[in-house]
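Colleague: Contents of coords06.txt (compact mmCIF, C-alpha atoms) are given next:
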```txt
# COMPACT_ATOMS: atom_id res chain seq x y z
CA MET A 1 -16.02 -3.37 -46.18
CA LYS A 2 -17.02 -6.94 -45.34
CA PHE A 3 -13.78 -7.39 -43.36
CA TRP A 4 -14.50 -4.29 -41.25
CA LEU A 5 -18.05 -5.40 -40.57
CA SER A 6 -16.86 -8.85 -39.49
CA GLY A 7 -14.25 -7.24 -37.25
CA LEU A 8 -16.83 -4.94 -35.70
CA ILE A 9 -19.22 -7.83 -35.04
CA LEU A 10 -16.42 -9.86 -33.46
CA PHE A 11 -15.42 -6.88 -31.30
CA VAL A 12 -19.01 -6.39 -30.09
CA LEU A 13 -19.31 -10.12 -29.30
CA ILE A 14 -16.08 -10.06 -27.29
CA LEU A 15 -17.24 -6.98 -25.36
CA GLY A 16 -20.58 -8.64 -24.67
CA PHE A 17 -18.88 -11.80 -23.44
CA LEU A 18 -16.55 -9.82 -21.17
CA TYR A 19 -19.44 -7.77 -19.78
CA TYR A 20 -21.47 -10.84 -18.81
CA TRP A 21 -18.49 -12.90 -17.61
CA LEU A 22 -17.28 -10.08 -15.36
CA GLY A 23 -20.83 -9.66 -14.04
CA ALA A 24 -20.89 -13.37 -13.13
CA GLU A 25 -17.51 -12.97 -11.41
CA ILE A 26 -18.87 -10.05 -9.38
CA GLU A 27 -21.83 -12.18 -8.24
CA LYS A 28 -19.54 -15.02 -7.13
CA GLY A 29 -17.59 -12.67 -4.86
CA GLN A 30 -20.39 -12.52 -2.30
CA THR A 31 -19.48 -15.91 -0.85
CA PRO A 32 -18.41 -17.46 1.46
CA ILE A 33 -20.51 -15.49 3.91
CA ALA A 34 -18.78 -14.69 7.21
CA ASP A 35 -19.91 -16.69 10.24
CA GLY A 36 -17.76 -15.30 13.04
CA SER A 37 -14.99 -17.87 12.62
CA ASN A 38 -12.36 -15.26 11.71
CA ASP A 39 -11.08 -13.04 14.52
CA TYR A 40 -10.34 -10.01 12.33
CA LEU A 41 -12.62 -7.92 10.16
CA ILE A 42 -11.44 -5.35 7.64
CA ILE A 43 -13.90 -2.67 6.55
CA LEU A 44 -12.81 -1.12 3.28
CA GLY A 45 -13.08 2.64 3.04
CA ALA A 46 -15.27 4.61 0.66
CA LYS A 47 -16.07 8.24 0.00
CA VAL A 48 -16.39 10.68 2.90
CA LYS A 49 -18.47 13.75 2.11
CA PRO A 50 -16.98 17.25 2.52
CA ASN A 51 -18.99 17.68 5.75
CA GLY A 52 -17.22 14.64 7.25
CA ILE A 53 -20.23 12.32 6.95
CA PRO A 54 -19.75 8.89 5.35
CA SER A 55 -21.26 8.46 1.89
CA LEU A 56 -24.30 6.18 1.70
CA SER A 57 -22.08 3.36 0.38
CA LEU A 58 -19.78 3.71 3.38
CA GLN A 59 -22.71 4.01 5.80
CA ASN A 60 -24.08 0.72 4.45
CA ARG A 61 -20.71 -0.96 5.05
CA LEU A 62 -20.59 0.40 8.59
CA GLU A 63 -24.13 -0.68 9.46
CA VAL A 64 -23.38 -4.24 8.31
CA ALA A 65 -20.19 -4.12 10.39
CA ILE A 66 -21.99 -2.89 13.51
CA ASP A 67 -24.50 -5.73 13.36
CA TYR A 68 -21.71 -8.25 12.86
CA LEU A 69 -19.48 -6.85 15.60
CA LYS A 70 -22.36 -6.86 18.07
CA GLN A 71 -23.16 -10.47 17.17
CA TYR A 72 -19.53 -11.65 17.37
CA GLU A 73 -17.96 -9.78 20.27
CA HIS A 74 -14.58 -11.51 19.93
CA VAL A 75 -14.00 -10.00 16.47
CA GLN A 76 -11.49 -7.16 16.15
CA VAL A 77 -11.91 -4.62 13.35
CA ILE A 78 -9.52 -2.71 11.13
CA VAL A 79 -11.03 0.32 9.41
CA SER A 80 -9.00 0.94 6.29
CA GLY A 81 -8.84 4.06 4.18
CA GLY A 82 -6.73 7.14 3.70
CA GLN A 83 -7.75 10.69 2.90
CA GLY A 84 -8.67 11.79 -0.60
CA ALA A 85 -7.95 15.32 -1.78
CA ASP A 86 -11.64 16.20 -1.42
CA GLU A 87 -12.16 14.53 1.95
CA PRO A 88 -11.89 16.44 5.26
CA ALA A 89 -10.48 13.46 7.18
CA THR A 90 -9.22 9.94 6.59
CA GLU A 91 -11.88 7.38 5.74
CA ALA A 92 -10.55 5.26 8.61
CA SER A 93 -11.02 8.01 11.21
CA VAL A 94 -14.57 8.68 10.03
CA MET A 95 -15.35 4.96 10.16
CA ALA A 96 -13.84 4.60 13.63
CA LYS A 97 -15.98 7.48 14.95
CA TYR A 98 -19.10 5.95 13.42
CA LEU A 99 -18.38 2.60 15.08
CA LEU A 100 -17.62 4.25 18.44
CA ASP A 101 -20.85 6.25 18.25
CA ALA A 102 -22.69 2.96 17.67
CA GLY A 103 -21.24 1.46 20.84
CA ILE A 104 -18.33 -0.59 19.48
CA GLU A 105 -15.54 -0.51 22.03
CA SER A 106 -12.40 1.42 21.11
CA TYR A 107 -10.09 -1.47 22.06
CA ARG A 108 -11.63 -3.51 19.23
CA ILE A 109 -10.85 -0.89 16.54
CA GLN A 110 -7.57 -0.31 14.71
CA LEU A 111 -7.09 2.39 12.09
CA GLU A 112 -5.21 2.01 8.82
CA GLU A 113 -5.10 5.56 7.44
CA ASN A 114 -2.55 5.47 4.59
CA SER A 115 -4.17 3.43 1.83
CA THR A 116 -5.39 4.98 -1.40
CA SER A 117 -6.51 1.80 -3.21
CA THR A 118 -8.06 -1.56 -2.45
CA TYR A 119 -4.69 -3.25 -2.86
CA GLU A 120 -3.14 -0.86 -0.33
CA ASN A 121 -6.10 -1.43 2.04
CA PHE A 122 -4.97 -5.03 2.37
CA LEU A 123 -1.24 -4.45 2.19
CA TYR A 124 -1.28 -1.89 5.01
CA SER A 125 -3.98 -3.64 7.05
CA LYS A 126 -2.00 -6.88 6.96
CA ALA A 127 0.79 -5.09 8.83
CA LEU A 128 -1.66 -4.50 11.71
CA LEU A 129 -2.61 -8.17 11.99
CA PRO A 130 -0.80 -10.64 14.23
CA GLU A 131 1.73 -12.52 12.11
CA GLU A 132 -0.09 -15.84 12.44
CA VAL A 133 -3.42 -14.46 11.12
CA LYS A 134 -4.01 -15.44 7.50
CA GLU A 135 -7.82 -15.53 7.44
CA ILE A 136 -9.97 -12.42 7.67
CA THR A 137 -13.47 -11.17 7.02
CA ILE A 138 -14.03 -8.35 4.54
CA ILE A 139 -16.91 -5.90 4.47
CA SER A 140 -17.49 -3.87 1.34
CA ASN A 141 -20.35 -3.19 -1.02
CA ASP A 142 -21.64 -6.23 -2.86
CA PHE A 143 -20.18 -5.28 -6.25
CA HIS A 144 -16.66 -4.85 -4.80
CA LEU A 145 -16.14 -8.15 -3.02
CA THR A 146 -14.72 -10.26 -5.87
CA ARG A 147 -11.88 -7.83 -6.45
CA ALA A 148 -11.40 -7.33 -2.71
CA LYS A 149 -11.02 -11.09 -2.09
CA TYR A 150 -8.64 -11.37 -5.05
CA LEU A 151 -6.44 -8.56 -3.75
CA ALA A 152 -6.51 -9.92 -0.19
CA ASN A 153 -5.23 -13.17 -1.63
CA VAL A 154 -2.46 -11.31 -3.49
CA VAL A 155 -1.06 -10.13 -0.12
CA GLY A 156 -1.44 -13.59 1.43
CA LEU A 157 -4.84 -13.39 3.13
CA GLU A 158 -7.86 -15.67 2.70
CA ALA A 159 -11.24 -14.07 3.23
CA ASP A 160 -14.88 -14.65 3.86
CA VAL A 161 -17.17 -11.70 3.25
CA LEU A 162 -20.15 -9.64 4.26
CA ALA A 163 -21.88 -7.73 1.49
CA ALA A 164 -23.22 -4.27 2.16
CA PRO A 165 -25.95 -3.18 -0.23
CA THR A 166 -25.00 -0.72 -2.93
CA PRO A 167 -27.22 2.38 -2.98
CA ASN A 168 -29.54 2.40 -5.99
CA SER A 169 -28.35 5.91 -6.88
CA VAL A 170 -24.87 4.59 -7.75
CA LYS A 171 -25.55 0.93 -8.53
CA THR A 172 -25.37 1.02 -12.33
CA GLU A 173 -22.29 3.25 -12.40
CA SER A 174 -20.59 1.14 -9.73
CA LEU A 175 -21.23 -2.14 -11.57
CA ILE A 176 -19.85 -0.79 -14.86
CA ARG A 177 -16.80 0.77 -13.21
CA GLU A 178 -16.17 -2.39 -11.16
CA ARG A 179 -16.20 -4.56 -14.29
CA LEU A 180 -13.39 -2.44 -15.71
CA ALA A 181 -11.48 -2.44 -12.41
CA LEU A 182 -11.86 -6.22 -12.06
CA LEU A 183 -10.60 -6.80 -15.61
CA LYS A 184 -7.60 -4.55 -14.92
CA THR A 185 -6.90 -6.44 -11.67
CA TYR A 186 -7.10 -9.81 -13.41
CA ILE A 187 -4.68 -8.61 -16.11
CA PHE A 188 -2.17 -6.73 -13.94
CA GLY A 189 -2.57 -8.47 -10.58
CA LYS A 190 -3.35 -5.34 -8.49
```
Would you put the structure from the file into structure tokens?
Modeller:
Amino acid sequence: MKFWLSGLILFVLILGFLYYWLGAEIEKGQTPIADGSNDYLIILGAKVKPNGIPSLSLQNRLEVAIDYLKQYEHVQVIVSGGQGADEPATEASVMAKYLLDAGIESYRIQLEENSTSTYENFLYSKALLPEEVKEITIISNDFHLTRAKYLANVVGLEADVLAAPTPNSVKTESLIRERLALLKTYIFGK
């Protein structure tokens, strides 16, 4: 009985350590903050509602992107995201429309519409970049940036970031889920 209790205590301590360590890793992902020095921006896709409207998480990403693109008019943008089974259109097409409606010129926007994961966002978006481009800016929600930068690096890209706020309605769930996803990425590399 004493052995099982010791094992349980050790297990709980390891879980606690992992929880806090992964939380610290998530916090570190929000730097370096983009300053317009990279010519290409990748906006990572998120849920599109059945009515074709971006989820609040995706809207937050797009609003941060609009401000940035208006401030740095030389920056080109890749909107990256395929179509989930419950989505009426690709995330990329919904993002592109949102940017166009906000006054971002169409010649500055490229669509990557095939990805179904963060790793694929970068793999497929890289194919749209000029060969010499190795540094990009990423926009995603704050909790997602550590994993996003890691996966960009896996495909050979260095990144600075812009953090979009995570809606309070999904913040706790997102942080827990991201801890698990980040641990999986660190273990398996994707």
Colleague: Select, from A:Leu22, A:Ile187, A:Ile104, A:Leu111, the residue with the minimum atom-to-atom distance to Glu63 (chain A), counting all atoms listed in the file.
Modeller: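 Comparing A:Leu22, A:Ile187, A:Ile104, A:Leu111 against Glu63 (chain A), the winner is A:Ile104.
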Colleague: When you count all atoms listed in the file, which of these residues is closest to Tyr186 (chain A): A:Leu100, A:Ile42, A:Ala148, A:Leu129?
Modeller: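 Among the listed residues, the smallest separation from Tyr186 (chain A) belongs to A:Ala148.
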Colleague: Where's the centre, and what are the edge lengths in Å to one decimal, of a box along x, y and z enclosing all listed atoms of region 172-175 of chain A padded 5 Å per side, as AutoDock Vina command-line options?
Modeller:
```
--center_x -23.0 --center_y 0.6 --center_z -11.1 --size_x 14.8 --size_y 15.4 --size_z 12.7
```
Colleague: Choose the residue, out of A:Gly81, A:Pro130, A:Gly7, A:Pro88, that has the smallest atom-to-atom separation from Tyr40 (chain A); count all atoms listed in the file.
Modeller: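 With all atoms listed in the file as the atom set, the closest residue is A:Pro130.
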Colleague: Restricting the calculation to only C-alpha atoms, which member of A:Lys190, A:Tyr68, A:Trp4, A:Thr172 is positioned closest to Ser37 (chain A)?
Modeller: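 Ranking A:Lys190, A:Tyr68, A:Trp4, A:Thr172 by distance to Ser37 (chain A), first place goes to A:Tyr68.
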Colleague: With distances taken over only C-alpha atoms, which residue among A:Ser117, A:Asn141, A:Thr185, A:Asn38 lies nearest Pro167 (chain A)?
Modeller: A:Asn141
Colleague: Could you check how far CA of Ala152 (chain A) sits from CA of Ser140 (chain A), in Å to one decimal?
Modeller: 12.6 Å
Colleague: Record the distance separating CA of Ala65 (chain A) and CA of Ile138 (chain A), expressed in Å with one decimal.
Modeller: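 Computing the Euclidean distance for CA of Ala65 (chain A) and CA of Ile138 (chain A) yields 9.5 Å.
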Colleague: Please provide as a ChimeraX atom specification all residues within 12 Å of Ser57 (chain A), with the sequence filter that same-chain residues fewer than 5 positions apart are discarded (counting all atoms listed in the file).
Modeller: /A:43-49,62-64,95,139-144,163-171,174
Colleague: Those selected residues, please, written with C-alpha atoms and delivered as a JSON list (two decimals), keeping the file's coordinate frame.
Modeller:
```json
[["chain", "number", "residue", "atom", "x", "y", "z"],
["A", 43, "ILE", "CA", -13.90, -2.67, 6.55],
["A", 44, "LEU", "CA", -12.81, -1.12, 3.28],
["A", 45, "GLY", "CA", -13.08, 2.64, 3.04],
["A", 46, "ALA", "CA", -15.27, 4.61, 0.66],
["A", 47, "LYS", "CA", -16.07, 8.24, 0.00],
["A", 48, "VAL", "CA", -16.39, 10.68, 2.90],
["A", 49, "LYS", "CA", -18.47, 13.75, 2.11],
["A", 62, "LEU", "CA", -20.59, 0.40, 8.59],
["A", 63, "GLU", "CA", -24.13, -0.68, 9.46],
["A", 64, "VAL", "CA", -23.38, -4.24, 8.31],
["A", 95, "MET", "CA", -15.35, 4.96, 10.16],
["A", 139, "ILE", "CA", -16.91, -5.90, 4.47],
["A", 140, "SER", "CA", -17.49, -3.87, 1.34],
["A", 141, "ASN", "CA", -20.35, -3.19, -1.02],
["A", 142, "ASP", "CA", -21.64, -6.23, -2.86],
["A", 143, "PHE", "CA", -20.18, -5.28, -6.25],
["A", 144, "HIS", "CA", -16.66, -4.85, -4.80],
["A", 163, "ALA", "CA", -21.88, -7.73, 1.49],
["A", 164, "ALA", "CA", -23.22, -4.27, 2.16],
["A", 165, "PRO", "CA", -25.95, -3.18, -0.23],
["A", 166, "THR", "CA", -25.00, -0.72, -2.93],
["A", 167, "PRO", "CA", -27.22, 2.38, -2.98],
["A", 168, "ASN", "CA", -29.54, 2.40, -5.99],
["A", 169, "SER", "CA", -28.35, 5.91, -6.88],
["A", 170, "VAL", "CA", -24.87, 4.59, -7.75],
["A", 171, "LYS", "CA", -25.55, 0.93, -8.53],
["A", 174, "SER", "CA", -20.59, 1.14, -9.73]]
```
Colleague: Would you list the contacts of region 149-151 of chain A as a PyMOL selection string, taking every protein, DNA or RNA residue within 12 Å and counting only C-alpha atoms, but skipping same-chain residues closer than 6 positions in sequence?
Modeller: chain A and resi 25-26+28-32+42+44+117-123+126+135-140+142-143+157-163+181-186+188-190
Colleague: Which residue gives the smallest distance to Leu175 (chain A) among A:Val75, A:Ala24, A:Leu58, A:Val155, with only C-alpha atoms counted?
Modeller: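 So, comparing all the options, the nearest one is A:Ala24.
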Colleague: Just to confirm, what's the straight-line distance from CA of Gly36 (chain A) to CA of His74 (chain A) in Å (one decimal)?
Modeller: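 Interatomic distance here is 8.5 Å.
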